[in-house]
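Raw contents of upload.txt, compact mmCIF, N, CA and C atoms:
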```txt
# COMPACT_ATOMS: atom_id res chain seq x y z
N MET A 1 45.18 21.54 -10.96
CA MET A 1 45.99 20.54 -10.31
C MET A 1 47.39 21.09 -10.07
N GLY A 2 47.94 20.85 -8.85
CA GLY A 2 49.24 21.39 -8.53
C GLY A 2 49.19 22.86 -8.15
N GLU A 3 48.01 23.47 -8.18
CA GLU A 3 47.83 24.88 -7.87
C GLU A 3 47.83 25.06 -6.36
N ARG A 4 48.57 26.04 -5.90
CA ARG A 4 48.67 26.29 -4.47
C ARG A 4 47.87 27.54 -4.12
N ARG A 5 46.90 27.38 -3.23
CA ARG A 5 46.10 28.50 -2.75
C ARG A 5 46.85 29.18 -1.61
N GLN A 6 46.92 30.48 -1.64
CA GLN A 6 47.59 31.23 -0.58
C GLN A 6 46.71 31.24 0.68
N MET A 7 47.31 30.93 1.81
CA MET A 7 46.59 30.98 3.08
C MET A 7 46.72 32.37 3.69
N ASN A 8 45.67 32.80 4.39
CA ASN A 8 45.77 34.06 5.11
C ASN A 8 46.51 33.82 6.42
N GLY A 9 46.81 34.86 7.18
CA GLY A 9 47.60 34.74 8.40
C GLY A 9 47.01 33.80 9.42
N GLN A 10 45.71 33.87 9.61
CA GLN A 10 45.03 33.01 10.58
C GLN A 10 45.10 31.54 10.16
N GLU A 11 44.90 31.29 8.87
CA GLU A 11 44.99 29.92 8.34
C GLU A 11 46.40 29.37 8.49
N LYS A 12 47.41 30.22 8.23
CA LYS A 12 48.80 29.79 8.38
C LYS A 12 49.09 29.37 9.81
N GLU A 13 48.70 30.18 10.77
CA GLU A 13 48.97 29.86 12.18
C GLU A 13 48.28 28.56 12.58
N ARG A 14 47.07 28.37 12.13
CA ARG A 14 46.34 27.13 12.42
C ARG A 14 47.05 25.93 11.77
N TRP A 15 47.48 26.12 10.53
CA TRP A 15 48.18 25.06 9.79
C TRP A 15 49.49 24.70 10.49
N TYR A 16 50.28 25.71 10.91
CA TYR A 16 51.55 25.46 11.59
C TYR A 16 51.33 24.69 12.89
N ARG A 17 50.31 25.07 13.66
CA ARG A 17 50.00 24.35 14.91
C ARG A 17 49.66 22.89 14.61
N MET A 18 48.85 22.67 13.57
CA MET A 18 48.47 21.31 13.21
C MET A 18 49.70 20.50 12.77
N LEU A 19 50.61 21.11 12.00
CA LEU A 19 51.83 20.42 11.58
C LEU A 19 52.67 20.02 12.79
N LEU A 20 52.79 20.94 13.76
CA LEU A 20 53.55 20.63 14.97
C LEU A 20 52.92 19.48 15.74
N GLU A 21 51.60 19.50 15.87
CA GLU A 21 50.90 18.41 16.57
C GLU A 21 51.13 17.07 15.88
N ARG A 22 50.98 17.04 14.57
CA ARG A 22 51.15 15.79 13.82
C ARG A 22 52.60 15.31 13.83
N ALA A 23 53.54 16.23 13.68
CA ALA A 23 54.95 15.85 13.64
C ALA A 23 55.43 15.31 14.99
N ASN A 24 54.83 15.78 16.07
CA ASN A 24 55.27 15.38 17.41
C ASN A 24 54.34 14.37 18.06
N ARG A 25 53.47 13.77 17.29
CA ARG A 25 52.48 12.83 17.81
C ARG A 25 53.13 11.59 18.40
N ALA A 26 52.68 11.21 19.58
CA ALA A 26 53.19 10.01 20.25
C ALA A 26 52.91 8.78 19.38
N GLY A 27 53.81 7.82 19.45
CA GLY A 27 53.64 6.58 18.71
C GLY A 27 54.29 6.57 17.35
N THR A 28 54.78 7.72 16.88
CA THR A 28 55.47 7.77 15.58
C THR A 28 56.94 7.44 15.77
N PHE A 29 57.60 7.08 14.69
CA PHE A 29 59.02 6.74 14.75
C PHE A 29 59.84 7.89 15.30
N SER A 30 59.64 9.08 14.77
CA SER A 30 60.46 10.21 15.21
C SER A 30 60.21 10.53 16.68
N HIS A 31 58.97 10.40 17.13
CA HIS A 31 58.68 10.65 18.54
C HIS A 31 59.41 9.63 19.42
N SER A 32 59.39 8.36 19.01
CA SER A 32 60.06 7.33 19.81
C SER A 32 61.58 7.52 19.79
N ALA A 33 62.11 8.19 18.77
CA ALA A 33 63.55 8.48 18.70
C ALA A 33 63.90 9.75 19.47
N GLY A 34 62.89 10.45 19.98
CA GLY A 34 63.14 11.66 20.75
C GLY A 34 63.29 12.92 19.92
N ILE A 35 62.92 12.86 18.65
CA ILE A 35 63.01 14.03 17.76
C ILE A 35 61.72 14.84 17.89
N ARG A 36 61.89 16.16 18.06
CA ARG A 36 60.73 17.03 18.24
C ARG A 36 60.86 18.23 17.30
N ILE A 37 59.80 18.49 16.53
CA ILE A 37 59.74 19.71 15.72
C ILE A 37 59.34 20.83 16.67
N THR A 38 60.11 21.91 16.69
CA THR A 38 59.86 22.99 17.64
C THR A 38 59.22 24.22 17.02
N GLU A 39 59.48 24.47 15.74
CA GLU A 39 58.91 25.64 15.06
C GLU A 39 58.70 25.33 13.60
N VAL A 40 57.66 25.93 13.03
CA VAL A 40 57.39 25.83 11.59
C VAL A 40 57.00 27.22 11.10
N GLY A 41 57.53 27.61 9.96
CA GLY A 41 57.17 28.87 9.32
C GLY A 41 57.03 28.66 7.82
N ASP A 42 56.91 29.73 7.09
CA ASP A 42 56.68 29.67 5.66
C ASP A 42 57.92 29.19 4.92
N GLY A 43 58.00 27.87 4.66
CA GLY A 43 59.13 27.29 3.94
C GLY A 43 60.31 26.91 4.82
N TRP A 44 60.13 26.89 6.14
CA TRP A 44 61.22 26.51 7.04
C TRP A 44 60.66 25.79 8.27
N ALA A 45 61.56 25.06 8.96
CA ALA A 45 61.18 24.38 10.20
C ALA A 45 62.43 24.12 11.03
N LYS A 46 62.24 23.99 12.34
CA LYS A 46 63.31 23.68 13.29
C LYS A 46 62.90 22.49 14.14
N GLY A 47 63.91 21.74 14.58
CA GLY A 47 63.66 20.62 15.47
C GLY A 47 64.85 20.39 16.38
N GLU A 48 64.65 19.53 17.37
CA GLU A 48 65.73 19.23 18.30
C GLU A 48 65.60 17.82 18.85
N MET A 49 66.69 17.35 19.43
CA MET A 49 66.72 16.02 20.00
C MET A 49 67.79 15.96 21.08
N GLU A 50 67.43 15.38 22.21
CA GLU A 50 68.40 15.12 23.27
C GLU A 50 69.19 13.87 22.89
N ILE A 51 70.52 13.95 22.94
CA ILE A 51 71.36 12.79 22.64
C ILE A 51 71.29 11.84 23.83
N THR A 52 70.97 10.57 23.55
CA THR A 52 70.92 9.55 24.59
C THR A 52 71.73 8.34 24.13
N ASP A 53 71.87 7.36 25.01
CA ASP A 53 72.57 6.13 24.64
C ASP A 53 71.92 5.46 23.43
N ARG A 54 70.58 5.59 23.31
CA ARG A 54 69.85 4.97 22.19
C ARG A 54 70.19 5.57 20.84
N SER A 55 70.71 6.82 20.84
CA SER A 55 71.02 7.47 19.56
C SER A 55 72.46 7.25 19.12
N MET A 56 73.24 6.50 19.91
CA MET A 56 74.65 6.31 19.61
C MET A 56 74.89 5.07 18.73
N ASN A 57 75.98 5.13 17.96
CA ASN A 57 76.43 3.96 17.21
C ASN A 57 77.52 3.25 18.04
N PRO A 58 78.06 2.14 17.57
CA PRO A 58 79.09 1.42 18.35
C PRO A 58 80.37 2.23 18.61
N LEU A 59 80.61 3.31 17.87
CA LEU A 59 81.80 4.13 18.08
C LEU A 59 81.61 5.18 19.17
N GLY A 60 80.37 5.26 19.73
CA GLY A 60 80.10 6.22 20.79
C GLY A 60 79.75 7.61 20.29
N ILE A 61 79.36 7.72 19.02
CA ILE A 61 78.90 8.99 18.46
C ILE A 61 77.48 8.79 17.93
N VAL A 62 76.78 9.89 17.70
CA VAL A 62 75.40 9.79 17.21
C VAL A 62 75.39 9.07 15.87
N HIS A 63 74.51 8.11 15.75
CA HIS A 63 74.35 7.33 14.52
C HIS A 63 73.93 8.27 13.39
N GLY A 64 74.51 8.08 12.22
CA GLY A 64 74.18 8.91 11.07
C GLY A 64 72.70 8.86 10.70
N GLY A 65 72.06 7.70 10.91
CA GLY A 65 70.64 7.57 10.62
C GLY A 65 69.79 8.49 11.48
N VAL A 66 70.25 8.77 12.69
CA VAL A 66 69.54 9.69 13.58
C VAL A 66 69.54 11.09 12.97
N MET A 67 70.71 11.52 12.50
CA MET A 67 70.80 12.86 11.90
C MET A 67 69.99 12.93 10.60
N CYS A 68 70.02 11.85 9.81
CA CYS A 68 69.20 11.81 8.58
C CYS A 68 67.72 11.91 8.92
N THR A 69 67.30 11.20 9.96
CA THR A 69 65.90 11.24 10.36
C THR A 69 65.52 12.63 10.85
N MET A 70 66.40 13.26 11.62
CA MET A 70 66.12 14.64 12.07
C MET A 70 65.91 15.57 10.88
N MET A 71 66.82 15.47 9.90
CA MET A 71 66.71 16.34 8.73
C MET A 71 65.47 16.00 7.91
N ASP A 72 65.13 14.72 7.81
CA ASP A 72 63.94 14.32 7.09
C ASP A 72 62.68 14.91 7.75
N GLN A 73 62.65 14.91 9.07
CA GLN A 73 61.49 15.47 9.79
C GLN A 73 61.35 16.97 9.56
N VAL A 74 62.45 17.72 9.68
CA VAL A 74 62.34 19.17 9.51
C VAL A 74 62.11 19.55 8.05
N THR A 75 62.68 18.79 7.10
CA THR A 75 62.42 19.10 5.69
C THR A 75 60.97 18.80 5.35
N GLY A 76 60.42 17.74 5.92
CA GLY A 76 59.00 17.43 5.70
C GLY A 76 58.11 18.54 6.23
N ALA A 77 58.39 19.00 7.43
CA ALA A 77 57.57 20.09 8.01
C ALA A 77 57.71 21.37 7.19
N ALA A 78 58.93 21.69 6.76
CA ALA A 78 59.14 22.89 5.95
C ALA A 78 58.40 22.80 4.62
N SER A 79 58.46 21.63 3.99
CA SER A 79 57.82 21.49 2.67
C SER A 79 56.29 21.48 2.78
N CYS A 80 55.76 21.06 3.91
CA CYS A 80 54.30 21.06 4.11
C CYS A 80 53.78 22.40 4.62
N SER A 81 54.66 23.32 4.91
CA SER A 81 54.28 24.58 5.57
C SER A 81 53.37 25.48 4.74
N GLN A 82 53.27 25.23 3.45
CA GLN A 82 52.43 26.09 2.61
C GLN A 82 51.12 25.42 2.21
N GLY A 83 50.74 24.37 2.95
CA GLY A 83 49.42 23.79 2.75
C GLY A 83 49.38 22.52 1.94
N SER A 84 50.43 21.71 2.01
CA SER A 84 50.44 20.46 1.25
C SER A 84 50.85 19.31 2.14
N THR A 85 50.74 18.11 1.61
CA THR A 85 51.36 16.94 2.23
C THR A 85 52.59 16.63 1.39
N CYS A 86 53.47 15.78 1.91
CA CYS A 86 54.71 15.52 1.17
C CYS A 86 55.24 14.13 1.44
N ARG A 87 56.12 13.69 0.56
CA ARG A 87 56.85 12.44 0.69
C ARG A 87 58.28 12.70 0.21
N THR A 88 59.25 12.21 0.96
CA THR A 88 60.65 12.37 0.55
C THR A 88 60.91 11.48 -0.67
N VAL A 89 61.49 12.08 -1.70
CA VAL A 89 61.84 11.37 -2.92
C VAL A 89 63.32 11.00 -2.90
N ASN A 90 64.14 11.92 -2.42
CA ASN A 90 65.58 11.71 -2.45
C ASN A 90 66.23 12.58 -1.38
N CYS A 91 67.38 12.10 -0.89
CA CYS A 91 68.17 12.95 0.01
C CYS A 91 69.65 12.70 -0.25
N GLU A 92 70.41 13.74 -0.10
CA GLU A 92 71.86 13.67 -0.19
C GLU A 92 72.40 14.28 1.10
N VAL A 93 73.15 13.50 1.86
CA VAL A 93 73.59 13.92 3.18
C VAL A 93 75.11 13.87 3.27
N ARG A 94 75.66 14.87 3.95
CA ARG A 94 77.09 14.92 4.22
C ARG A 94 77.28 15.02 5.74
N PHE A 95 78.10 14.14 6.29
CA PHE A 95 78.39 14.15 7.72
C PHE A 95 79.67 14.94 7.93
N MET A 96 79.60 15.96 8.77
CA MET A 96 80.71 16.89 8.92
C MET A 96 81.46 16.72 10.24
N ALA A 97 80.73 16.42 11.32
CA ALA A 97 81.34 16.28 12.65
C ALA A 97 80.45 15.37 13.48
N PRO A 98 81.04 14.65 14.45
CA PRO A 98 80.23 13.75 15.27
C PRO A 98 79.42 14.51 16.31
N GLY A 99 78.24 13.99 16.60
CA GLY A 99 77.48 14.45 17.75
C GLY A 99 77.82 13.51 18.89
N VAL A 100 78.10 14.06 20.07
CA VAL A 100 78.52 13.18 21.16
C VAL A 100 77.74 13.35 22.45
N ALA A 101 77.26 14.55 22.76
CA ALA A 101 76.54 14.77 24.02
C ALA A 101 75.68 16.01 23.90
N GLY A 102 74.70 16.11 24.79
CA GLY A 102 73.84 17.30 24.82
C GLY A 102 72.67 17.16 23.87
N LYS A 103 72.41 18.21 23.12
CA LYS A 103 71.30 18.22 22.18
C LYS A 103 71.80 18.43 20.76
N LEU A 104 70.99 17.99 19.81
CA LEU A 104 71.20 18.31 18.41
C LEU A 104 70.03 19.17 17.95
N TYR A 105 70.32 20.10 17.06
CA TYR A 105 69.32 21.04 16.54
C TYR A 105 69.30 20.95 15.02
N ALA A 106 68.13 20.78 14.46
CA ALA A 106 67.98 20.68 13.01
C ALA A 106 67.24 21.91 12.49
N TYR A 107 67.64 22.34 11.31
CA TYR A 107 66.98 23.47 10.64
C TYR A 107 66.86 23.13 9.17
N ALA A 108 65.71 23.44 8.60
CA ALA A 108 65.49 23.23 7.16
C ALA A 108 64.86 24.46 6.56
N GLU A 109 65.29 24.79 5.34
CA GLU A 109 64.74 25.94 4.63
C GLU A 109 64.62 25.61 3.15
N ALA A 110 63.52 26.04 2.56
CA ALA A 110 63.26 25.76 1.15
C ALA A 110 64.26 26.48 0.26
N ILE A 111 64.79 25.73 -0.70
CA ILE A 111 65.57 26.31 -1.78
C ILE A 111 64.61 26.63 -2.92
N ARG A 112 63.66 25.71 -3.15
CA ARG A 112 62.64 25.88 -4.21
C ARG A 112 61.38 25.15 -3.79
N MET A 113 60.25 25.85 -3.83
CA MET A 113 58.95 25.24 -3.55
C MET A 113 58.10 25.40 -4.80
N GLY A 114 57.87 24.31 -5.49
CA GLY A 114 57.01 24.33 -6.67
C GLY A 114 55.64 23.80 -6.32
N GLY A 115 54.84 23.57 -7.32
CA GLY A 115 53.50 23.03 -7.11
C GLY A 115 53.51 21.55 -6.77
N ARG A 116 54.50 20.83 -7.31
CA ARG A 116 54.55 19.38 -7.10
C ARG A 116 55.83 18.89 -6.43
N MET A 117 56.88 19.70 -6.44
CA MET A 117 58.16 19.28 -5.87
C MET A 117 58.74 20.42 -5.03
N ALA A 118 59.48 20.04 -4.00
CA ALA A 118 60.21 21.00 -3.18
C ALA A 118 61.64 20.51 -3.03
N VAL A 119 62.57 21.44 -3.01
CA VAL A 119 63.97 21.14 -2.71
C VAL A 119 64.30 21.92 -1.45
N ILE A 120 64.75 21.19 -0.44
CA ILE A 120 64.95 21.78 0.88
C ILE A 120 66.38 21.50 1.34
N ARG A 121 67.04 22.52 1.87
CA ARG A 121 68.36 22.37 2.47
C ARG A 121 68.18 22.20 3.97
N ALA A 122 68.90 21.24 4.56
CA ALA A 122 68.79 20.99 6.00
C ALA A 122 70.17 20.86 6.63
N GLU A 123 70.20 21.11 7.93
CA GLU A 123 71.44 20.94 8.67
C GLU A 123 71.14 20.51 10.09
N VAL A 124 72.14 19.87 10.72
CA VAL A 124 72.09 19.50 12.13
C VAL A 124 73.32 20.08 12.79
N ARG A 125 73.10 20.78 13.91
CA ARG A 125 74.19 21.36 14.69
C ARG A 125 74.11 20.87 16.13
N ASP A 126 75.26 20.90 16.82
CA ASP A 126 75.27 20.49 18.22
C ASP A 126 75.09 21.71 19.14
N ASP A 127 75.19 21.49 20.45
CA ASP A 127 75.03 22.57 21.43
C ASP A 127 76.00 23.73 21.22
N ASP A 128 77.17 23.44 20.67
CA ASP A 128 78.17 24.48 20.44
C ASP A 128 78.02 25.15 19.08
N GLY A 129 77.00 24.76 18.31
CA GLY A 129 76.80 25.34 16.99
C GLY A 129 77.64 24.70 15.90
N VAL A 130 78.33 23.61 16.23
CA VAL A 130 79.16 22.92 15.24
C VAL A 130 78.26 22.18 14.25
N LEU A 131 78.53 22.35 12.97
CA LEU A 131 77.78 21.68 11.92
C LEU A 131 78.14 20.20 11.92
N CYS A 132 77.17 19.34 12.26
CA CYS A 132 77.39 17.89 12.31
C CYS A 132 77.01 17.21 11.00
N ALA A 133 75.95 17.69 10.36
CA ALA A 133 75.49 17.10 9.09
C ALA A 133 74.72 18.15 8.32
N GLU A 134 74.75 18.00 7.01
CA GLU A 134 73.97 18.88 6.14
C GLU A 134 73.46 18.03 4.99
N GLY A 135 72.35 18.47 4.41
CA GLY A 135 71.80 17.69 3.33
C GLY A 135 70.85 18.49 2.46
N THR A 136 70.57 17.93 1.31
CA THR A 136 69.59 18.48 0.39
C THR A 136 68.55 17.39 0.16
N TYR A 137 67.31 17.73 0.37
CA TYR A 137 66.20 16.79 0.26
C TYR A 137 65.25 17.25 -0.84
N THR A 138 64.77 16.30 -1.62
CA THR A 138 63.75 16.56 -2.63
C THR A 138 62.48 15.85 -2.17
N LEU A 139 61.38 16.58 -2.19
CA LEU A 139 60.10 16.03 -1.72
C LEU A 139 59.02 16.25 -2.76
N ARG A 140 58.15 15.26 -2.89
CA ARG A 140 56.98 15.37 -3.75
C ARG A 140 55.86 15.98 -2.92
N LEU A 141 55.20 16.98 -3.47
CA LEU A 141 54.11 17.66 -2.77
C LEU A 141 52.77 17.26 -3.34
N LYS A 142 51.79 17.18 -2.49
CA LYS A 142 50.41 17.00 -2.91
C LYS A 142 49.63 18.13 -2.26
N GLN A 143 49.13 19.02 -3.11
CA GLN A 143 48.43 20.19 -2.59
C GLN A 143 47.12 19.80 -1.94
N GLY A 144 46.77 20.54 -0.91
CA GLY A 144 45.51 20.31 -0.22
C GLY A 144 45.75 20.13 1.27
N PHE A 145 44.75 20.42 2.01
CA PHE A 145 44.84 20.39 3.45
C PHE A 145 44.58 18.99 3.98
N PHE A 146 45.19 18.69 5.14
CA PHE A 146 44.89 17.44 5.83
C PHE A 146 43.43 17.44 6.24
N VAL A 147 42.84 16.28 6.26
CA VAL A 147 41.49 16.15 6.80
C VAL A 147 41.61 16.15 8.30
N GLU A 148 40.84 17.00 8.96
CA GLU A 148 40.87 17.08 10.42
C GLU A 148 40.37 15.78 11.00
N GLU A 149 41.04 15.30 12.04
CA GLU A 149 40.62 14.06 12.69
C GLU A 149 39.79 14.37 13.91
```
Represent the structure contained in this file as C-alpha cells.
Amino acid sequence: MGERRQMNGQEKERWYRMLLERANRAGTFSHSAGIRITEVGDGWAKGEMEITDRSMNPLGIVHGGVMCTMMDQVTGAASCSQGSTCRTVNCEVRFMAPGVAGKLYAYAEAIRMGGRMAVIRAEVRDDDGVLCAEGTYTLRLKQGFFVEE
C-alpha cells in the first residue's frame, strides 16, 4: 500500500497524454474558466489561460481565485504525473502582482513526492514574465492508474 510502481517510457507518455485529456476535458470547472494544461512531465506541469472580462474582479485585475485555480490545476497534474490520483489537502498562496491583460502561465514542480503525499510549488506569471502569484500545495496521493473510460 502506498507503493509506487515505476512506469517505463512508453507508459509515461501514455499517462501524460491521458492526464492532459482529462485535465482539459470540456464541461469541467477549469475548462469553463479557460484554464488549459499544456504540458506534463515527471513531477511538473504547465498551464495557461487567456485573460478575459470573466476572469476579472471589480478592481479590473484578475481575480485571485482564478490564479489559485490555475495553480491547483497544474499542481494536480504534476502530482499525478507518476501514476496516481490526487486531492488537494492544503494550499498557501501569495499574490505578488496583478494580472491585467494577455495570458497567464502557470508552472508547478514537485518539492517532495511521497507514496501518499506530495508537496508542490506553483507560480503564475504574465506575458512579460512578471510573477503574479506563487504558492505551495499539499496533495494526498492514491497510487494506481485511472480506469480507462
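Distances from A:Gln73, A:Lys46, A:Leu104, A:Met117 to A:Thr28 were compared using only C-alpha atoms, and the smallest one belongs to A:Gln73.
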Among listed residues A:Ala45, A:Arg140, A:Glu134, A:Val66, nearest A:Gly115 (using only N, CA and C atoms):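 Ranking A:Ala45, A:Arg140, A:Glu134, A:Val66 by distance to A:Gly115, first place goes to A:Arg140.
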Using all atoms listed in the file, which residues of stretch 40-149 of chain A come within 7 Å of stretch 4-15 of chain A, and what is the closest atom pair for each, with the distance in Å to one decimal? Give it as a tab-separated table, sorted by chain and residue number.
```
residue	atom	partner	partner_atom	distance
A:Ser81	CA	A:Trp15	C	6.9
A:Gln82	C	A:Met7	N	6.7
A:Gly115	CA	A:Arg4	N	5.9
A:Gln143	CA	A:Arg4	CA	6.4
```
Selected residues written out, N, CA and C atoms, as a short mmCIF file (atom, residue, chain, number, x, y, z; two decimals), in the coordinates of the input:
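Output contents, as saved in again-v8.cif:
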```cif
data_model
loop_
_atom_site.label_atom_id
_atom_site.label_comp_id
_atom_site.auth_asym_id
_atom_site.auth_seq_id
_atom_site.Cartn_x
_atom_site.Cartn_y
_atom_site.Cartn_z
N SER A 81 54.66 23.32 4.91
CA SER A 81 54.28 24.58 5.57
C SER A 81 53.37 25.48 4.74
N GLN A 82 53.27 25.23 3.45
CA GLN A 82 52.43 26.09 2.61
C GLN A 82 51.12 25.42 2.21
N GLY A 115 54.84 23.57 -7.32
CA GLY A 115 53.50 23.03 -7.11
C GLY A 115 53.51 21.55 -6.77
N GLN A 143 49.13 19.02 -3.11
CA GLN A 143 48.43 20.19 -2.59
C GLN A 143 47.12 19.80 -1.94
#
```
Rounded to one decimal, what separation in Å do you get between atom N of A:Gly47 and atom N of A:Thr69?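 The value is 12.0 Å.
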Local residues around (76.8, 6.7, 19.4), at most 12 Å away, using only C-alpha atoms, as a list in words: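 In the file's frame, the residues around the point are Ile51, Thr52, Asp53, Arg54, Ser55, Met56, Asn57, Pro58, Leu59, Gly60, Ile61, Val62, His63, Gly64, Gly65, Val66, Met67, Pro98, Gly99, Val100 and Ala101 of chain A.
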Two-atom distance - atom CA of A:Arg125, atom CA of A:Trp44 (Å): 15.9 Å
Residue with smallest distance to A:Thr88 - pool A:Gly129, A:Leu139, A:Ala106, A:Val74, counting all atoms listed in the file: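 Closest to A:Thr88, using all atoms listed in the file: A:Leu139.
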